[in-house]
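A short worksheet on the structure shown next.
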Amino acid sequence: MGVLSDRAVAMLAAVHARPGLTRAEASRLLGMGTGGAAEVVGVLVAEQLLAEGPPQPATTRGRPTRPLTAHPAGPVVLAAAFSHATWRVDAVELGGASIATLDGAHAGESADTVLGVLGDAVGRLRDRLGDRVRGLGVSAPGIVTDERYLDATILGWRSVDLTAVWPGAGLFVADNDATLAAVAEVRRGAAAGARSALHLMVDAGLGGAQVDAGRLVGGAHGTAGEFGHLPFGDPSVECACGARGCWGTAVDAGALARLLGDPVPADPGGYARSVIARDDVAARAAVATVATSLGRGIAGLVNALDPDVVTLGDLAADVLAAAPDELHAAVAAGLMRSRQDAPPTLVAAALGAAGPITGAAERVWDRWWAQLRR
């Protein structure tokens with residue numbers, strides 16, 4: 001591939017954000033003349049980076065225009081995501097569409113074993129796609145520092161080097177699953193267009209992130225968003241992190257189990273969903289209690305961070321669906337007066353389980369744009 005101009009890189013990024021964008025729309029969006037846009041598109045098509053679809057009827061006077069899409073032989077990025085029980089690797093083309101997926105389950109084995117399975121899947125997709133692959137993003141269930149090292153308390157992993165999935169990746173980025181889901185919801189989900197968005201995800205714990213003016217709020221070490229360890233919970237309950245009273249312990253499957261007098265669940269997600277699906281007094285009361293705890297914490301974060309949209313993922317979205325009145329009432333009761341008249345929009349995440357892997361792919365594309373602009 002030859003050296004691309006800034007205008008060509010901007011065109012690529014625009015089509016990635018809005019696949020199906022026409023040449024005329026791209027021209028207006030990027031402030032290019034029609035002749036300049038045609039020239040840039042010609043270069044990108046010749047470089048097998050973009051393709052032009054069949055002509056579409058013009059909405060105003062003028063000639064029909066063609067939608068711009070990913071070239072069938074163009075670049076792809078790989079995105080890997082694993083939870084406490086499952087794994088998945090996708091190949092994602094320009095525009096965000098997945099063109100290949102490998103997935104499976106694991107039983108919480110050693111880091112070497114799980115990352116070895118991921119590495120094998122990445123290798124199989126690299127063999128299939130060849131030099132089209134530009135890099136790898138990894139979503140992980142824990143604290144990720146330096147976009148590389150993972151501490152996953154529930155798995156019992158400490159300082160695990162995630163680059164082991166693909167040691168020679170030219171472009172590599174790794175982050176917490178909730179953080180990447182936040183990025184995905186702003187780019188392609190329920191928070192698209194928000195000025196400031198807060199995403200919260202409950203799985204085997206609670207995490208999240210804020211995206212403000214399109215930029216992830218990462219903190220000094222890239223680990224901002226560990227909201228589950230705020231002291232919003234019961235001080236008598238010890239968290240796996242070693243602290244007491246963590247908010248996550250008041251809203252996860254363990255909280256439901258304690259309220260119902262059940263043992264610690266071996267499958268937190270499955271147990272929580274089974275409780276939420278039940279239609280008995282005890283289960284409804286337990287879910288309502290968790291919804292209230294979730295809502296009170298959300299109110300505190302809204303007061304502190306001032307988002308205009310709050311998206312809820314995984315079990316948090318299930319709680320919203322099961323006990324919306326209790327959750328909304330708790331949020332409203334905890335808001336400062338200045339926010340009560342204009343509370344944030346509170347919605348379920350649109351991308352669901354695909355959020356973390358979508359965010360991982362987006363972060364690799366970001367790195368590729370930056371590389372092209374050097």
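In the structure tokens, chains take letters A, B, ... by order of appearance, with residues numbered from 1 within each chain and ligands from 1 in the order shown.
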
Residues flagged strand (DSSP E or B) by DSSP in range 48-232 of chain A, as a PDB file with N, CA and C atoms, in the first residue's frame:
ATOM      1  N   LEU A  50     -11.267   0.531  -0.134  1.00  0.00           N
ATOM      2  CA  LEU A  50     -12.700   0.766  -0.242  1.00  0.00           C
ATOM      3  C   LEU A  50     -13.230   0.134  -1.516  1.00  0.00           C
ATOM      4  N   ALA A  51     -14.537  -0.117  -1.501  1.00  0.00           N
ATOM      5  CA  ALA A  51     -15.242  -0.536  -2.707  1.00  0.00           C
ATOM      6  C   ALA A  51     -16.455   0.369  -2.871  1.00  0.00           C
ATOM      7  N   GLU A  52     -16.903   0.525  -4.097  1.00  0.00           N
ATOM      8  CA  GLU A  52     -18.116   1.298  -4.367  1.00  0.00           C
ATOM      9  C   GLU A  52     -19.228   0.350  -4.769  1.00  0.00           C
ATOM     10  N   GLN A  56     -26.928   4.389  -6.508  1.00  0.00           N
ATOM     11  CA  GLN A  56     -28.184   4.592  -5.790  1.00  0.00           C
ATOM     12  C   GLN A  56     -28.888   5.811  -6.377  1.00  0.00           C
ATOM     13  N   THR A  65     -25.425   8.284  -7.009  1.00  0.00           N
ATOM     14  CA  THR A  65     -24.164   8.152  -6.304  1.00  0.00           C
ATOM     15  C   THR A  65     -24.037   6.749  -5.743  1.00  0.00           C
ATOM     16  N   PRO A  67     -22.681   3.956  -2.743  1.00  0.00           N
ATOM     17  CA  PRO A  67     -22.269   3.818  -1.345  1.00  0.00           C
ATOM     18  C   PRO A  67     -20.846   3.282  -1.257  1.00  0.00           C
ATOM     19  N   LEU A  68     -20.107   3.747  -0.275  1.00  0.00           N
ATOM     20  CA  LEU A  68     -18.733   3.305  -0.051  1.00  0.00           C
ATOM     21  C   LEU A  68     -18.729   2.260   1.061  1.00  0.00           C
ATOM     22  N   THR A  69     -18.061   1.147   0.808  1.00  0.00           N
ATOM     23  CA  THR A  69     -18.024   0.042   1.768  1.00  0.00           C
ATOM     24  C   THR A  69     -16.614  -0.528   1.837  1.00  0.00           C
ATOM     25  N   ALA A  70     -16.433  -1.492   2.730  1.00  0.00           N
ATOM     26  CA  ALA A  70     -15.143  -2.177   2.839  1.00  0.00           C
ATOM     27  C   ALA A  70     -14.856  -2.950   1.558  1.00  0.00           C
ATOM     28  N   VAL A  76      -8.450  -6.047   7.683  1.00  0.00           N
ATOM     29  CA  VAL A  76      -9.299  -6.473   8.788  1.00  0.00           C
ATOM     30  C   VAL A  76      -8.479  -6.387  10.076  1.00  0.00           C
ATOM     31  N   VAL A  77      -9.165  -6.295  11.191  1.00  0.00           N
ATOM     32  CA  VAL A  77      -8.509  -6.400  12.497  1.00  0.00           C
ATOM     33  C   VAL A  77      -9.110  -7.595  13.216  1.00  0.00           C
ATOM     34  N   LEU A  78      -8.360  -8.166  14.126  1.00  0.00           N
ATOM     35  CA  LEU A  78      -8.852  -9.262  14.944  1.00  0.00           C
ATOM     36  C   LEU A  78      -9.198  -8.737  16.334  1.00  0.00           C
ATOM     37  N   ALA A  79     -10.275  -9.246  16.883  1.00  0.00           N
ATOM     38  CA  ALA A  79     -10.703  -8.868  18.227  1.00  0.00           C
ATOM     39  C   ALA A  79     -10.989 -10.133  19.008  1.00  0.00           C
ATOM     40  N   ALA A  80     -10.360 -10.257  20.170  1.00  0.00           N
ATOM     41  CA  ALA A  80     -10.561 -11.420  21.036  1.00  0.00           C
ATOM     42  C   ALA A  80     -11.183 -10.965  22.340  1.00  0.00           C
ATOM     43  N   ALA A  81     -12.133 -11.733  22.839  1.00  0.00           N
ATOM     44  CA  ALA A  81     -12.772 -11.416  24.115  1.00  0.00           C
ATOM     45  C   ALA A  81     -12.948 -12.707  24.896  1.00  0.00           C
ATOM     46  N   PHE A  82     -12.660 -12.635  26.190  1.00  0.00           N
ATOM     47  CA  PHE A  82     -12.959 -13.787  27.028  1.00  0.00           C
ATOM     48  C   PHE A  82     -13.555 -13.314  28.344  1.00  0.00           C
ATOM     49  N   THR A  86     -16.237 -18.109  28.874  1.00  0.00           N
ATOM     50  CA  THR A  86     -16.300 -18.243  27.423  1.00  0.00           C
ATOM     51  C   THR A  86     -15.189 -17.446  26.754  1.00  0.00           C
ATOM     52  N   TRP A  87     -14.973 -17.733  25.454  1.00  0.00           N
ATOM     53  CA  TRP A  87     -14.022 -16.953  24.667  1.00  0.00           C
ATOM     54  C   TRP A  87     -14.557 -16.817  23.238  1.00  0.00           C
ATOM     55  N   ARG A  88     -14.050 -15.793  22.551  1.00  0.00           N
ATOM     56  CA  ARG A  88     -14.477 -15.545  21.167  1.00  0.00           C
ATOM     57  C   ARG A  88     -13.416 -14.712  20.465  1.00  0.00           C
ATOM     58  N   VAL A  89     -13.205 -14.997  19.189  1.00  0.00           N
ATOM     59  CA  VAL A  89     -12.306 -14.202  18.351  1.00  0.00           C
ATOM     60  C   VAL A  89     -13.023 -13.883  17.050  1.00  0.00           C
ATOM     61  N   ASP A  90     -13.054 -12.613  16.672  1.00  0.00           N
ATOM     62  CA  ASP A  90     -13.688 -12.162  15.430  1.00  0.00           C
ATOM     63  C   ASP A  90     -12.670 -11.503  14.513  1.00  0.00           C
ATOM     64  N   ALA A  91     -12.901 -11.638  13.219  1.00  0.00           N
ATOM     65  CA  ALA A  91     -12.215 -10.822  12.221  1.00  0.00           C
ATOM     66  C   ALA A  91     -13.198  -9.747  11.780  1.00  0.00           C
ATOM     67  N   VAL A  92     -12.788  -8.480  11.882  1.00  0.00           N
ATOM     68  CA  VAL A  92     -13.704  -7.355  11.679  1.00  0.00           C
ATOM     69  C   VAL A  92     -13.183  -6.473  10.556  1.00  0.00           C
ATOM     70  N   GLU A  93     -14.016  -6.251   9.553  1.00  0.00           N
ATOM     71  CA  GLU A  93     -13.598  -5.438   8.429  1.00  0.00           C
ATOM     72  C   GLU A  93     -13.925  -3.969   8.669  1.00  0.00           C
ATOM     73  N   SER A  98     -18.367  -8.128  11.335  1.00  0.00           N
ATOM     74  CA  SER A  98     -17.558  -9.322  11.570  1.00  0.00           C
ATOM     75  C   SER A  98     -17.684 -10.246  10.364  1.00  0.00           C
ATOM     76  N   ILE A  99     -16.554 -10.698   9.828  1.00  0.00           N
ATOM     77  CA  ILE A  99     -16.585 -11.581   8.658  1.00  0.00           C
ATOM     78  C   ILE A  99     -16.198 -13.009   9.007  1.00  0.00           C
ATOM     79  N   ALA A 100     -15.760 -13.251  10.235  1.00  0.00           N
ATOM     80  CA  ALA A 100     -15.428 -14.603  10.679  1.00  0.00           C
ATOM     81  C   ALA A 100     -15.399 -14.618  12.202  1.00  0.00           C
ATOM     82  N   THR A 101     -15.870 -15.714  12.793  1.00  0.00           N
ATOM     83  CA  THR A 101     -15.921 -15.846  14.248  1.00  0.00           C
ATOM     84  C   THR A 101     -15.525 -17.258  14.662  1.00  0.00           C
ATOM     85  N   LEU A 102     -14.715 -17.345  15.697  1.00  0.00           N
ATOM     86  CA  LEU A 102     -14.420 -18.610  16.365  1.00  0.00           C
ATOM     87  C   LEU A 102     -14.740 -18.411  17.839  1.00  0.00           C
ATOM     88  N   ASP A 103     -15.376 -19.384  18.484  1.00  0.00           N
ATOM     89  CA  ASP A 103     -15.711 -19.207  19.892  1.00  0.00           C
ATOM     90  C   ASP A 103     -15.768 -20.541  20.605  1.00  0.00           C
ATOM     91  N   GLY A 104     -15.861 -20.476  21.932  1.00  0.00           N
ATOM     92  CA  GLY A 104     -15.915 -21.688  22.729  1.00  0.00           C
ATOM     93  C   GLY A 104     -16.048 -21.357  24.196  1.00  0.00           C
ATOM     94  N   ALA A 105     -15.890 -22.374  25.042  1.00  0.00           N
ATOM     95  CA  ALA A 105     -16.007 -22.219  26.486  1.00  0.00           C
ATOM     96  C   ALA A 105     -14.726 -22.679  27.161  1.00  0.00           C
ATOM     97  N   VAL A 133      -4.684  -8.885   7.761  1.00  0.00           N
ATOM     98  CA  VAL A 133      -4.824  -8.631   9.200  1.00  0.00           C
ATOM     99  C   VAL A 133      -3.865  -7.531   9.634  1.00  0.00           C
ATOM    100  N   ARG A 134      -4.416  -6.503  10.309  1.00  0.00           N
ATOM    101  CA  ARG A 134      -3.619  -5.347  10.714  1.00  0.00           C
ATOM    102  C   ARG A 134      -3.220  -5.358  12.190  1.00  0.00           C
ATOM    103  N   GLY A 135      -3.960  -6.061  13.047  1.00  0.00           N
ATOM    104  CA  GLY A 135      -3.611  -6.053  14.458  1.00  0.00           C
ATOM    105  C   GLY A 135      -4.646  -6.786  15.276  1.00  0.00           C
ATOM    106  N   LEU A 136      -4.470  -6.744  16.595  1.00  0.00           N
ATOM    107  CA  LEU A 136      -5.316  -7.495  17.515  1.00  0.00           C
ATOM    108  C   LEU A 136      -5.708  -6.645  18.720  1.00  0.00           C
ATOM    109  N   GLY A 137      -6.985  -6.715  19.082  1.00  0.00           N
ATOM    110  CA  GLY A 137      -7.476  -6.124  20.321  1.00  0.00           C
ATOM    111  C   GLY A 137      -8.002  -7.228  21.224  1.00  0.00           C
ATOM    112  N   VAL A 138      -7.761  -7.113  22.522  1.00  0.00           N
ATOM    113  CA  VAL A 138      -8.187  -8.139  23.481  1.00  0.00           C
ATOM    114  C   VAL A 138      -9.029  -7.510  24.574  1.00  0.00           C
ATOM    115  N   SER A 139     -10.184  -8.098  24.828  1.00  0.00           N
ATOM    116  CA  SER A 139     -11.063  -7.704  25.929  1.00  0.00           C
ATOM    117  C   SER A 139     -10.935  -8.741  27.031  1.00  0.00           C
ATOM    118  N   ALA A 140     -10.724  -8.274  28.280  1.00  0.00           N
ATOM    119  CA  ALA A 140     -10.472  -9.184  29.390  1.00  0.00           C
ATOM    120  C   ALA A 140     -11.303  -8.815  30.616  1.00  0.00           C
ATOM    121  N   ILE A 143      -8.701  -5.969  35.666  1.00  0.00           N
ATOM    122  CA  ILE A 143      -7.968  -4.716  35.539  1.00  0.00           C
ATOM    123  C   ILE A 143      -6.801  -4.920  34.583  1.00  0.00           C
ATOM    124  N   VAL A 144      -6.734  -4.094  33.549  1.00  0.00           N
ATOM    125  CA  VAL A 144      -5.660  -4.188  32.564  1.00  0.00           C
ATOM    126  C   VAL A 144      -4.816  -2.917  32.654  1.00  0.00           C
ATOM    127  N   THR A 145      -3.535  -3.076  32.905  1.00  0.00           N
ATOM    128  CA  THR A 145      -2.621  -1.939  32.987  1.00  0.00           C
ATOM    129  C   THR A 145      -1.670  -1.962  31.800  1.00  0.00           C
ATOM    130  N   TYR A 149      -1.138  -5.901  30.769  1.00  0.00           N
ATOM    131  CA  TYR A 149      -1.071  -6.810  31.910  1.00  0.00           C
ATOM    132  C   TYR A 149      -2.418  -6.890  32.621  1.00  0.00           C
ATOM    133  N   LEU A 150      -2.882  -8.125  32.852  1.00  0.00           N
ATOM    134  CA  LEU A 150      -4.207  -8.367  33.410  1.00  0.00           C
ATOM    135  C   LEU A 150      -4.137  -8.934  34.821  1.00  0.00           C
ATOM    136  N   ASP A 151      -4.928  -8.329  35.730  1.00  0.00           N
ATOM    137  CA  ASP A 151      -5.239  -8.921  37.027  1.00  0.00           C
ATOM    138  C   ASP A 151      -6.720  -9.286  37.006  1.00  0.00           C
ATOM    139  N   ALA A 152      -7.023 -10.575  37.027  1.00  0.00           N
ATOM    140  CA  ALA A 152      -8.407 -11.049  37.025  1.00  0.00           C
ATOM    141  C   ALA A 152      -8.649 -11.789  38.327  1.00  0.00           C
ATOM    142  N   TRP A 157      -5.876 -14.777  38.451  1.00  0.00           N
ATOM    143  CA  TRP A 157      -4.724 -14.432  37.606  1.00  0.00           C
ATOM    144  C   TRP A 157      -4.134 -13.108  38.076  1.00  0.00           C
ATOM    145  N   ARG A 158      -2.815 -13.040  38.109  1.00  0.00           N
ATOM    146  CA  ARG A 158      -2.122 -11.805  38.485  1.00  0.00           C
ATOM    147  C   ARG A 158      -1.040 -11.501  37.456  1.00  0.00           C
ATOM    148  N   SER A 159      -0.996 -10.257  36.993  1.00  0.00           N
ATOM    149  CA  SER A 159       0.044  -9.762  36.074  1.00  0.00           C
ATOM    150  C   SER A 159       0.236 -10.677  34.874  1.00  0.00           C
ATOM    151  N   VAL A 160      -0.866 -11.095  34.280  1.00  0.00           N
ATOM    152  CA  VAL A 160      -0.815 -11.955  33.093  1.00  0.00           C
ATOM    153  C   VAL A 160      -0.563 -11.091  31.859  1.00  0.00           C
ATOM    154  N   ASP A 161       0.408 -11.475  31.055  1.00  0.00           N
ATOM    155  CA  ASP A 161       0.771 -10.713  29.858  1.00  0.00           C
ATOM    156  C   ASP A 161      -0.119 -11.149  28.696  1.00  0.00           C
ATOM    157  N   PHE A 172      -1.308  -3.824  18.793  1.00  0.00           N
ATOM    158  CA  PHE A 172      -1.918  -4.610  19.864  1.00  0.00           C
ATOM    159  C   PHE A 172      -2.483  -3.661  20.912  1.00  0.00           C
ATOM    160  N   VAL A 173      -3.698  -3.955  21.367  1.00  0.00           N
ATOM    161  CA  VAL A 173      -4.289  -3.184  22.456  1.00  0.00           C
ATOM    162  C   VAL A 173      -5.141  -4.133  23.287  1.00  0.00           C
ATOM    163  N   ALA A 174      -5.118  -3.976  24.594  1.00  0.00           N
ATOM    164  CA  ALA A 174      -5.958  -4.782  25.482  1.00  0.00           C
ATOM    165  C   ALA A 174      -6.565  -3.870  26.535  1.00  0.00           C
ATOM    166  N   ASP A 175      -7.773  -4.220  26.978  1.00  0.00           N
ATOM    167  CA  ASP A 175      -8.431  -3.413  28.009  1.00  0.00           C
ATOM    168  C   ASP A 175      -9.512  -4.234  28.681  1.00  0.00           C
ATOM    169  N   ASN A 176     -10.041  -3.660  29.727  1.00  0.00           N
ATOM    170  CA  ASN A 176     -11.128  -4.254  30.487  1.00  0.00           C
ATOM    171  C   ASN A 176     -12.388  -4.365  29.634  1.00  0.00           C
ATOM    172  N   SER A 196     -21.697  13.022  26.694  1.00  0.00           N
ATOM    173  CA  SER A 196     -20.932  12.322  27.723  1.00  0.00           C
ATOM    174  C   SER A 196     -21.731  11.092  28.132  1.00  0.00           C
ATOM    175  N   ALA A 197     -21.132   9.916  27.998  1.00  0.00           N
ATOM    176  CA  ALA A 197     -21.845   8.667  28.255  1.00  0.00           C
ATOM    177  C   ALA A 197     -21.148   7.868  29.341  1.00  0.00           C
ATOM    178  N   LEU A 198     -21.948   7.270  30.204  1.00  0.00           N
ATOM    179  CA  LEU A 198     -21.452   6.382  31.255  1.00  0.00           C
ATOM    180  C   LEU A 198     -21.988   4.992  30.970  1.00  0.00           C
ATOM    181  N   HIS A 199     -21.100   4.002  30.952  1.00  0.00           N
ATOM    182  CA  HIS A 199     -21.525   2.619  30.739  1.00  0.00           C
ATOM    183  C   HIS A 199     -21.207   1.808  31.984  1.00  0.00           C
ATOM    184  N   LEU A 200     -22.168   0.999  32.426  1.00  0.00           N
ATOM    185  CA  LEU A 200     -21.975   0.115  33.564  1.00  0.00           C
ATOM    186  C   LEU A 200     -22.337  -1.301  33.159  1.00  0.00           C
ATOM    187  N   MET A 201     -21.508  -2.250  33.538  1.00  0.00           N
ATOM    188  CA  MET A 201     -21.731  -3.643  33.178  1.00  0.00           C
ATOM    189  C   MET A 201     -21.568  -4.515  34.418  1.00  0.00           C
ATOM    190  N   VAL A 202     -22.562  -5.352  34.679  1.00  0.00           N
ATOM    191  CA  VAL A 202     -22.500  -6.291  35.795  1.00  0.00           C
ATOM    192  C   VAL A 202     -22.380  -7.691  35.230  1.00  0.00           C
ATOM    193  N   ASP A 203     -21.303  -8.369  35.611  1.00  0.00           N
ATOM    194  CA  ASP A 203     -21.125  -9.778  35.247  1.00  0.00           C
ATOM    195  C   ASP A 203     -20.714 -10.491  36.530  1.00  0.00           C
ATOM    196  N   GLY A 205     -19.111  -9.261  38.897  1.00  0.00           N
ATOM    197  CA  GLY A 205     -18.623  -8.001  39.439  1.00  0.00           C
ATOM    198  C   GLY A 205     -19.217  -6.860  38.644  1.00  0.00           C
ATOM    199  N   LEU A 206     -18.811  -5.641  38.954  1.00  0.00           N
ATOM    200  CA  LEU A 206     -19.335  -4.466  38.270  1.00  0.00           C
ATOM    201  C   LEU A 206     -18.178  -3.605  37.790  1.00  0.00           C
ATOM    202  N   GLY A 207     -18.252  -3.208  36.540  1.00  0.00           N
ATOM    203  CA  GLY A 207     -17.249  -2.303  35.983  1.00  0.00           C
ATOM    204  C   GLY A 207     -17.908  -1.346  35.025  1.00  0.00           C
ATOM    205  N   GLY A 208     -17.140  -0.448  34.474  1.00  0.00           N
ATOM    206  CA  GLY A 208     -17.703   0.502  33.532  1.00  0.00           C
ATOM    207  C   GLY A 208     -16.677   1.504  33.072  1.00  0.00           C
ATOM    208  N   ALA A 209     -17.153   2.525  32.406  1.00  0.00           N
ATOM    209  CA  ALA A 209     -16.271   3.579  31.912  1.00  0.00           C
ATOM    210  C   ALA A 209     -17.115   4.762  31.483  1.00  0.00           C
ATOM    211  N   GLN A 210     -16.458   5.916  31.399  1.00  0.00           N
ATOM    212  CA  GLN A 210     -17.092   7.117  30.880  1.00  0.00           C
ATOM    213  C   GLN A 210     -16.390   7.510  29.589  1.00  0.00           C
ATOM    214  N   VAL A 211     -17.181   7.869  28.591  1.00  0.00           N
ATOM    215  CA  VAL A 211     -16.661   8.401  27.336  1.00  0.00           C
ATOM    216  C   VAL A 211     -17.187   9.823  27.225  1.00  0.00           C
ATOM    217  N   ASP A 212     -16.289  10.801  27.253  1.00  0.00           N
ATOM    218  CA  ASP A 212     -16.667  12.205  27.274  1.00  0.00           C
ATOM    219  C   ASP A 212     -16.167  12.872  25.997  1.00  0.00           C
ATOM    220  N   ARG A 215     -14.048  10.772  23.839  1.00  0.00           N
ATOM    221  CA  ARG A 215     -12.769  10.268  24.340  1.00  0.00           C
ATOM    222  C   ARG A 215     -12.969   9.484  25.633  1.00  0.00           C
ATOM    223  N   LEU A 216     -12.347   8.328  25.689  1.00  0.00           N
ATOM    224  CA  LEU A 216     -12.424   7.488  26.866  1.00  0.00           C
ATOM    225  C   LEU A 216     -11.682   8.143  28.028  1.00  0.00           C
TER     226      LEU A 216
END

What are the closest atom pairs, with distances in Å to one decimal, for all residues of range 295-341 of chain A lying within 9 Å of range 276-279 of chain A? Consider only C-alpha atoms, order rows by chain and residue number, and present the result as a tab-separated table.
residue	atom	partner	partner_atom	distance
A:Asp318	CA	A:Ile276	CA	7.5
A:Val319	CA	A:Ile276	CA	7.4
A:Ala322	CA	A:Ile276	CA	6.7

All heavy atoms of the current selection, written as a PDB file, in the first residue's frame:
ATOM      1  N   ASP A 318     -30.473  -6.768  32.534  1.00  0.00           N
ATOM      2  CA  ASP A 318     -31.523  -7.689  32.967  1.00  0.00           C
ATOM      3  C   ASP A 318     -32.263  -7.146  34.187  1.00  0.00           C
ATOM      4  O   ASP A 318     -33.487  -7.287  34.296  1.00  0.00           O
ATOM      5  CB  ASP A 318     -30.913  -9.050  33.291  1.00  0.00           C
ATOM      6  CG  ASP A 318     -30.292  -9.735  32.069  1.00  0.00           C
ATOM      7  OD1 ASP A 318     -30.721  -9.404  30.944  1.00  0.00           O
ATOM      8  OD2 ASP A 318     -29.390 -10.561  32.244  1.00  0.00           O
ATOM      9  N   VAL A 319     -31.524  -6.541  35.108  1.00  0.00           N
ATOM     10  CA  VAL A 319     -32.157  -5.951  36.293  1.00  0.00           C
ATOM     11  C   VAL A 319     -33.052  -4.778  35.889  1.00  0.00           C
ATOM     12  O   VAL A 319     -34.165  -4.613  36.411  1.00  0.00           O
ATOM     13  CB  VAL A 319     -31.084  -5.515  37.312  1.00  0.00           C
ATOM     14  CG1 VAL A 319     -31.712  -4.690  38.439  1.00  0.00           C
ATOM     15  CG2 VAL A 319     -30.377  -6.736  37.894  1.00  0.00           C
ATOM     16  N   ALA A 322     -36.210  -6.217  34.578  1.00  0.00           N
ATOM     17  CA  ALA A 322     -37.026  -6.936  35.560  1.00  0.00           C
ATOM     18  C   ALA A 322     -37.612  -6.029  36.627  1.00  0.00           C
ATOM     19  O   ALA A 322     -38.710  -6.295  37.140  1.00  0.00           O
ATOM     20  CB  ALA A 322     -36.177  -8.028  36.218  1.00  0.00           C
TER      21      ALA A 322
END

Exercise for review: From the DSSP assignment of the backbone, select every residue of range 194-327 of chain A that is alpha helix (DSSP H), and format the answer as a ChimeraX atom specification.
Suggested key: /A:253-260,268-277,281-305,315-322,324-327

Review point. Using only C-alpha atoms, which of A:Ala354, A:Ala272, A:Ala97, A:Leu162 sits nearest Leu118 in chain A?
Key: A:Leu162

Review point. Please, what distance in Å, to one decimal, runs between CA of Leu21 in chain A and CA of Arg373 in chain A?
Key: 21.6 Å

Review point. Can you tell me, as a ChimeraX atom specification, what residues are no more than 10 Å from range 292-302 of chain A when counting only C-alpha atoms, ignoring any on the same chain fewer than 4 positions away?
Key: /A:198,200,202,206,227-228,230-233,247-252,286-288,306-310,316,319-320,323-336,339,343-344,346

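Considering the residues A:Ala181, A:Leu4, A:Val122, A:Ala192 and counting only C-alpha atoms, Arg18 in chain A has its shortest atom-to-atom contact with A:Ala192.
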